[in-house]
file entry.cif (mmCIF, C-alpha atoms)
data_final
#
loop_
_atom_site.label_atom_id
_atom_site.label_comp_id
_atom_site.auth_asym_id
_atom_site.auth_seq_id
_atom_site.Cartn_x
_atom_site.Cartn_y
_atom_site.Cartn_z
CA MET A 1 -22.99 -4.39 -17.61
CA LYS A 2 -25.22 -1.29 -17.19
CA ASN A 3 -26.83 -0.31 -13.91
CA ARG A 4 -29.35 2.20 -12.50
CA LEU A 5 -27.51 2.74 -9.24
CA LYS A 6 -27.07 6.50 -9.65
CA VAL A 7 -30.76 7.05 -10.49
CA LEU A 8 -31.98 4.80 -7.67
CA ARG A 9 -29.65 6.52 -5.23
CA ALA A 10 -30.83 9.98 -6.38
CA GLU A 11 -34.48 8.93 -5.96
CA ARG A 12 -33.76 8.14 -2.32
CA ASN A 13 -31.57 11.23 -1.88
CA TRP A 14 -28.63 9.06 -0.77
CA SER A 15 -25.01 10.07 -1.23
CA GLN A 16 -22.48 7.49 -2.44
CA GLN A 17 -21.26 7.27 1.17
CA ASP A 18 -24.83 6.61 2.41
CA LEU A 19 -25.17 3.71 -0.01
CA ALA A 20 -21.66 2.46 0.81
CA ASP A 21 -22.55 2.41 4.53
CA ARG A 22 -25.73 0.43 3.81
CA LEU A 23 -23.77 -2.06 1.69
CA GLU A 24 -20.81 -2.16 4.12
CA VAL A 25 -18.36 -1.37 1.33
CA SER A 26 -16.12 1.62 0.56
CA ARG A 27 -17.37 4.73 -1.23
CA GLN A 28 -14.82 3.93 -3.97
CA SER A 29 -16.64 0.62 -4.58
CA VAL A 30 -20.00 2.37 -5.05
CA ASN A 31 -18.38 4.91 -7.38
CA ALA A 32 -16.67 2.17 -9.43
CA ILE A 33 -19.91 0.19 -9.78
CA GLU A 34 -21.94 3.30 -10.65
CA THR A 35 -19.52 4.39 -13.35
CA GLY A 36 -19.37 0.87 -14.83
CA ARG A 37 -15.69 0.40 -14.00
CA TYR A 38 -16.41 -2.61 -11.82
CA ASP A 39 -19.07 -5.33 -12.02
CA PRO A 40 -20.01 -6.54 -8.54
CA SER A 41 -19.97 -10.21 -7.53
CA LEU A 42 -23.32 -12.02 -7.30
CA PRO A 43 -23.44 -11.77 -3.45
CA LEU A 44 -22.84 -7.99 -3.62
CA ALA A 45 -25.39 -7.63 -6.43
CA PHE A 46 -27.97 -9.41 -4.22
CA LYS A 47 -27.06 -7.08 -1.34
CA ILE A 48 -27.57 -4.04 -3.60
CA ALA A 49 -30.93 -5.46 -4.69
CA ASP A 50 -31.91 -5.98 -1.03
CA VAL A 51 -30.94 -2.41 -0.09
CA PHE A 52 -33.10 -0.96 -2.90
CA GLU A 53 -35.82 -3.60 -2.36
CA LEU A 54 -35.75 -4.49 -6.05
CA ALA A 55 -34.83 -7.53 -8.14
CA ILE A 56 -31.27 -7.71 -9.50
CA GLU A 57 -32.52 -7.44 -13.11
CA GLU A 58 -34.32 -4.19 -12.23
CA ILE A 59 -30.95 -2.67 -11.30
CA PHE A 60 -28.45 -4.38 -13.61
CA THR A 61 -28.92 -4.92 -17.35
CA ARG A 62 -26.76 -6.31 -20.17
CA ASP A 63 -24.74 -3.83 -22.28
CA MET B 1 -8.31 13.98 2.67
CA ASN B 2 -5.01 12.38 3.66
CA THR B 3 -3.81 15.24 5.75
CA GLY B 4 -2.72 15.89 9.28
CA THR B 5 -3.02 19.44 10.57
CA ARG B 6 -0.80 21.04 13.15
CA GLY B 7 -0.21 24.72 13.83
CA GLY B 8 -2.32 25.75 10.85
CA PHE B 9 0.01 23.99 8.39
CA THR B 10 -1.52 21.10 6.53
CA ARG B 11 0.89 18.16 6.26
CA THR B 12 0.16 15.20 4.02
CA VAL B 13 1.24 11.57 4.25
CA PRO B 14 3.70 12.04 1.33
CA PHE B 15 5.23 15.02 3.22
CA TRP B 16 6.02 12.89 6.29
CA ALA B 17 7.04 9.88 4.17
CA GLY B 18 9.40 12.10 2.16
CA LEU B 19 10.88 13.54 5.33
CA THR B 20 11.34 10.01 6.72
CA PHE B 21 13.13 8.67 3.67
CA GLY B 22 15.09 11.91 3.26
CA THR B 23 16.50 11.79 6.80
CA PHE B 24 17.10 8.04 6.52
CA GLY B 25 19.03 8.57 3.30
CA ALA B 26 20.99 11.45 4.83
CA VAL B 27 22.01 9.39 7.88
CA MET B 28 22.93 6.39 5.72
CA GLY B 29 24.90 8.66 3.40
CA LEU B 30 26.83 10.19 6.27
CA ALA B 31 27.50 6.73 7.75
CA LEU B 32 28.65 5.18 4.47
CA THR B 33 30.98 8.10 3.67
CA ASP B 34 32.48 7.91 7.18
CA ALA B 35 31.37 11.48 7.89
CA ILE B 36 29.91 10.19 11.18
CA ASN B 37 30.88 7.13 13.20
CA SER B 38 28.61 4.10 13.58
CA VAL B 39 27.42 4.97 17.10
CA THR B 40 26.35 8.45 15.97
CA ALA B 41 24.59 6.89 12.96
CA LEU B 42 22.74 4.50 15.24
CA ILE B 43 21.62 7.37 17.49
CA LEU B 44 20.61 9.53 14.51
CA MET B 45 18.47 6.65 13.15
CA ILE B 46 15.99 7.57 15.89
CA VAL B 47 15.04 10.62 13.77
CA PRO B 48 13.77 8.70 10.68
CA ALA B 49 12.21 6.05 12.95
CA GLY B 50 10.28 8.78 14.81
CA LEU B 51 9.27 10.42 11.54
CA PHE B 52 8.10 7.06 10.24
CA PHE B 53 5.79 6.63 13.23
CA GLN B 54 4.43 10.14 12.53
CA THR B 55 3.84 9.11 8.88
CA MET B 56 1.89 6.08 10.04
CA ARG B 57 -0.07 8.18 12.56
CA VAL B 58 -1.10 10.65 9.84
CA ALA B 59 -1.87 7.76 7.46
CA ASN B 60 -4.04 6.17 10.15
CA SER B 61 -6.02 9.37 10.76
CA ALA B 62 -6.33 9.85 6.99
CA SER B 63 -7.64 6.31 6.64
CA ASP B 64 -10.24 7.09 9.33
CA CYS B 65 -11.36 10.07 7.19
CA ILE B 66 -11.89 7.99 4.06
CA GLY B 67 -13.51 5.10 5.92
CA ARG B 68 -10.84 2.47 5.50
CA GLY B 69 -11.61 -0.81 7.15
CA GLU B 70 -9.97 -2.81 9.90
CA ALA B 71 -7.87 -4.79 7.38
CA GLN B 72 -6.17 -1.62 6.11
CA ARG B 73 -5.55 -0.28 9.62
CA LEU B 74 -3.92 -3.60 10.54
CA TYR B 75 -1.87 -3.45 7.33
CA ILE B 76 -0.57 0.04 8.18
CA LYS B 77 0.40 -1.13 11.69
CA ARG B 78 2.16 -4.23 10.35
CA VAL B 79 4.09 -2.23 7.75
CA ALA B 80 5.04 0.33 10.43
CA ILE B 81 6.41 -2.44 12.66
CA PHE B 82 8.43 -4.16 9.90
CA ALA B 83 9.69 -0.88 8.42
CA SER B 84 10.83 0.28 11.86
CA ALA B 85 12.52 -3.10 12.42
CA TYR B 86 14.19 -2.67 9.03
CA LEU B 87 15.54 0.78 9.98
CA VAL B 88 16.95 -0.62 13.23
CA VAL B 89 18.57 -3.73 11.74
CA ILE B 90 20.03 -1.86 8.75
CA ALA B 91 21.59 0.58 11.22
CA LEU B 92 22.94 -2.36 13.23
CA GLN B 93 24.31 -3.93 10.06
CA VAL B 94 26.05 -0.71 8.99
CA SER B 95 27.58 -0.15 12.42
CA LEU B 96 28.57 -3.73 13.36
CA LEU B 97 29.78 -5.19 10.05
CA GLU B 98 32.53 -2.62 9.53
CA GLY B 99 35.38 -4.55 11.14
CA ASP B 100 37.03 -7.71 9.80
CA ASP B 101 36.86 -9.40 13.20
CA VAL B 102 33.14 -10.26 12.94
CA SER B 103 32.50 -14.02 12.86
CA LEU B 104 30.75 -15.65 9.88
CA ALA B 105 27.75 -16.60 12.05
CA ALA B 106 27.32 -13.02 13.33
CA ARG B 107 27.80 -11.70 9.79
CA ALA B 108 25.12 -14.09 8.47
CA ALA B 109 22.69 -13.22 11.28
CA LEU B 110 23.15 -9.47 10.77
CA SER B 111 22.88 -9.82 7.00
CA VAL B 112 19.68 -11.88 7.00
CA MET B 113 17.77 -9.55 9.36
CA PRO B 114 17.05 -6.66 6.91
CA GLY B 115 15.80 -9.20 4.35
CA LEU B 116 13.49 -10.80 6.91
CA ALA B 117 12.11 -7.36 7.84
CA ILE B 118 11.29 -6.71 4.17
CA CYS B 119 9.74 -10.21 3.93
CA GLY B 120 7.50 -9.03 6.79
CA VAL B 121 6.18 -6.28 4.51
CA PHE B 122 5.48 -8.90 1.80
CA TRP B 123 3.60 -10.95 4.41
CA ALA B 124 1.61 -7.84 5.44
CA ILE B 125 0.51 -7.36 1.80
CA GLY B 126 -0.60 -11.02 1.66
CA ARG B 127 -2.53 -10.68 4.92
CA LEU B 128 -4.22 -7.53 3.60
CA ILE B 129 -5.46 -9.47 0.56
CA VAL B 130 -6.82 -12.21 2.86
CA ASP B 131 -8.34 -9.83 5.44
CA GLU B 132 -9.86 -7.20 3.12
CA LYS B 133 -13.65 -7.60 3.10
CA ASP B 134 -14.39 -5.01 0.38
CA GLU B 135 -14.23 -7.01 -2.88
CA PHE B 136 -13.49 -3.99 -5.11
CA ILE B 137 -10.59 -2.83 -2.91
CA ARG B 138 -9.32 -6.43 -2.68
CA MET B 139 -9.37 -6.68 -6.49
CA LEU B 140 -7.36 -3.42 -6.71
CA ILE B 141 -4.74 -4.72 -4.23
CA VAL B 142 -4.40 -8.03 -6.12
CA ARG B 143 -4.13 -6.17 -9.43
CA GLN B 144 -1.54 -3.76 -8.03
CA THR B 145 0.51 -6.59 -6.50
CA LEU B 146 0.42 -8.63 -9.72
CA ILE B 147 1.71 -5.62 -11.67
CA ALA B 148 4.47 -5.12 -9.07
CA THR B 149 5.42 -8.81 -9.14
CA GLY B 150 5.52 -8.86 -12.94
CA LEU B 151 7.64 -5.73 -13.01
CA ALA B 152 10.11 -7.07 -10.42
CA LEU B 153 10.41 -10.49 -12.11
CA GLY B 154 10.74 -8.84 -15.52
CA PHE B 155 13.45 -6.52 -14.20
CA ALA B 156 15.31 -9.45 -12.57
CA THR B 157 15.14 -11.60 -15.71
CA ILE B 158 16.15 -8.90 -18.17
CA TRP B 159 18.91 -7.57 -15.90
CA GLY B 160 20.22 -11.11 -15.35
CA PHE B 161 20.59 -11.79 -19.07
CA LEU B 162 22.12 -8.34 -19.66
CA GLU B 163 24.57 -9.08 -16.83
CA THR B 164 25.47 -12.45 -18.39
CA GLY B 165 26.08 -10.66 -21.67
CA GLY B 166 28.41 -8.22 -19.92
CA VAL B 167 26.21 -5.27 -20.86
CA VAL B 168 25.39 -4.09 -17.34
CA PRO B 169 27.28 -4.35 -14.02
CA HIS B 170 26.34 -6.79 -11.25
CA ILE B 171 23.85 -5.45 -8.71
CA PRO B 172 22.84 -6.93 -5.32
CA ALA B 173 19.64 -8.99 -5.60
CA TYR B 174 17.80 -6.85 -3.03
CA TRP B 175 17.30 -4.27 -5.80
CA PHE B 176 14.58 -6.57 -7.15
CA ALA B 177 12.61 -5.95 -3.95
CA VAL B 178 13.06 -2.23 -4.60
CA ALA B 179 11.71 -2.87 -8.13
CA PHE B 180 8.70 -4.62 -6.53
CA PHE B 181 7.93 -1.60 -4.36
CA PHE B 182 8.36 0.69 -7.37
CA GLY B 183 5.96 -1.67 -9.17
CA GLN B 184 3.41 -1.04 -6.42
CA PHE B 185 3.42 2.64 -7.40
CA VAL B 186 3.00 1.66 -11.06
CA GLY B 187 0.15 -0.67 -10.07
CA ALA B 188 -1.54 2.06 -8.03
CA ALA B 189 -1.28 4.48 -10.98
CA SER B 190 -2.70 1.80 -13.28
CA ASN B 191 -5.62 1.26 -10.86
CA ARG B 192 -6.29 5.01 -10.83
CA ILE B 193 -6.39 5.12 -14.64
CA THR B 194 -8.47 1.98 -15.23
CA HIS B 195 -10.70 1.86 -12.12
CA GLY B 196 -10.70 5.45 -10.83
CA SER B 197 -9.11 4.58 -7.47
CA TRP B 198 -5.52 4.33 -6.23
CA GLY B 199 -6.36 1.28 -4.13
CA ALA B 200 -5.25 0.60 -0.59
CA LEU B 201 -1.48 -0.01 -0.47
#
call {"tool": "encode", "arguments": {"input": "entry.cif", "output": "structure tokens"}}
result
Amino acid sequence: MKNRLKVLRAERNWSQQDLADRLEVSRQSVNAIETGRYDPSLPLAFKIADVFELAIEEIFTRD
Amino acid sequence: MNTGTRGGFTRTVPFWAGLTFGTFGAVMGLALTDAINSVTALILMIVPAGLFFQTMRVANSASDCIGRGEAQRLYIKRVAIFASAYLVVIALQVSLLEGDDVSLAARAALSVMPGLAICGVFWAIGRLIVDEKDEFIRMLIVRQTLIATGLALGFATIWGFLETGGVVPHIPAYWFAVAFFFGQFVGAASNRITHGSWGAL
């Protein structure tokens, strides 16, 4: 699964730690999701969508 | 990141852990070769126990630096408690089981205690999996533990058949727990390669 996390984070000038704090997860989790090494669960994907105020499909796309 | 600083010299968690296991091994070696008597060994065990607490203290401050959660702090505390208990009971076992005049009941009680202390560490790993709220970290711990379990069971099975075939000598079964802990290192390395993070254990 592809995602636009890095771009969206850069647009808001957030570090990985900033986003991790907002999502209440570790910085390693944000890094793993960003680099495509880990696909988040549906609840976490919804949380990410809420933080960026976007729909899930605007952040995550199929390979 | 995982460092503790004192007197301008940066000391890492592996430094203190190495010192702990080094002194523990030295004391055990001296006790087993009768270079020191059992009472001296028991007293000297305070050194690795103290170093172990220092290791945990540094690990705790390191975990604060990298934002580890409550579950991991609890895990470190639990492992510190059971590892310290292990050091104490293994010292008791070495010092009290030397003579032939120890009753079977006392022998059984002294012999089961180190195993129970190690079981406490297994329990702490299980609790960490249950308590960890970060799903990515939890997945890494589960992955690491599965690799360790597979490695320990594989080692036990293969060694058992080799032993039956008379290829290798008999070893005490607690070596399979050692294989499990070695497997945790293998699992952590595997996590680092496949997921870019060592995990939490």
call {"tool": "atom_distance", "arguments": {"input": "entry.cif", "atom1": "CA of Gln144 in chain B", "atom2": "CA of Ala179 in chain B"}}
result
13.3 Å
call {"tool": "resolve_selection", "arguments": {"input": "entry.cif", "expression": "the PyMOL selection byres ((chain B) within 7 of (chain A))", "output": "PyMOL selection string"}}
result
chain B and resi 67+134+136+195-197
call {"tool": "atom_distance", "arguments": {"input": "entry.cif", "atom1": "CA of Thr145 in chain B", "atom2": "CA of Val89 in chain B"}}
result
25.8 Å
call {"tool": "residues_around", "arguments": {"input": "entry.cif", "residues": "range 99-111 of chain B", "least_positions_apart": "2", "cutoff": "12 Å", "atoms": "only C-alpha atoms", "output": "VMD selection string"}}
result
chain B and resid 38 86 88 to 97 113 to 117 174
call {"tool": "atom_distance", "arguments": {"input": "entry.cif", "atom1": "CA of Ala124 in chain B", "atom2": "CA of Tyr75 in chain B"}}
result
5.9 Å
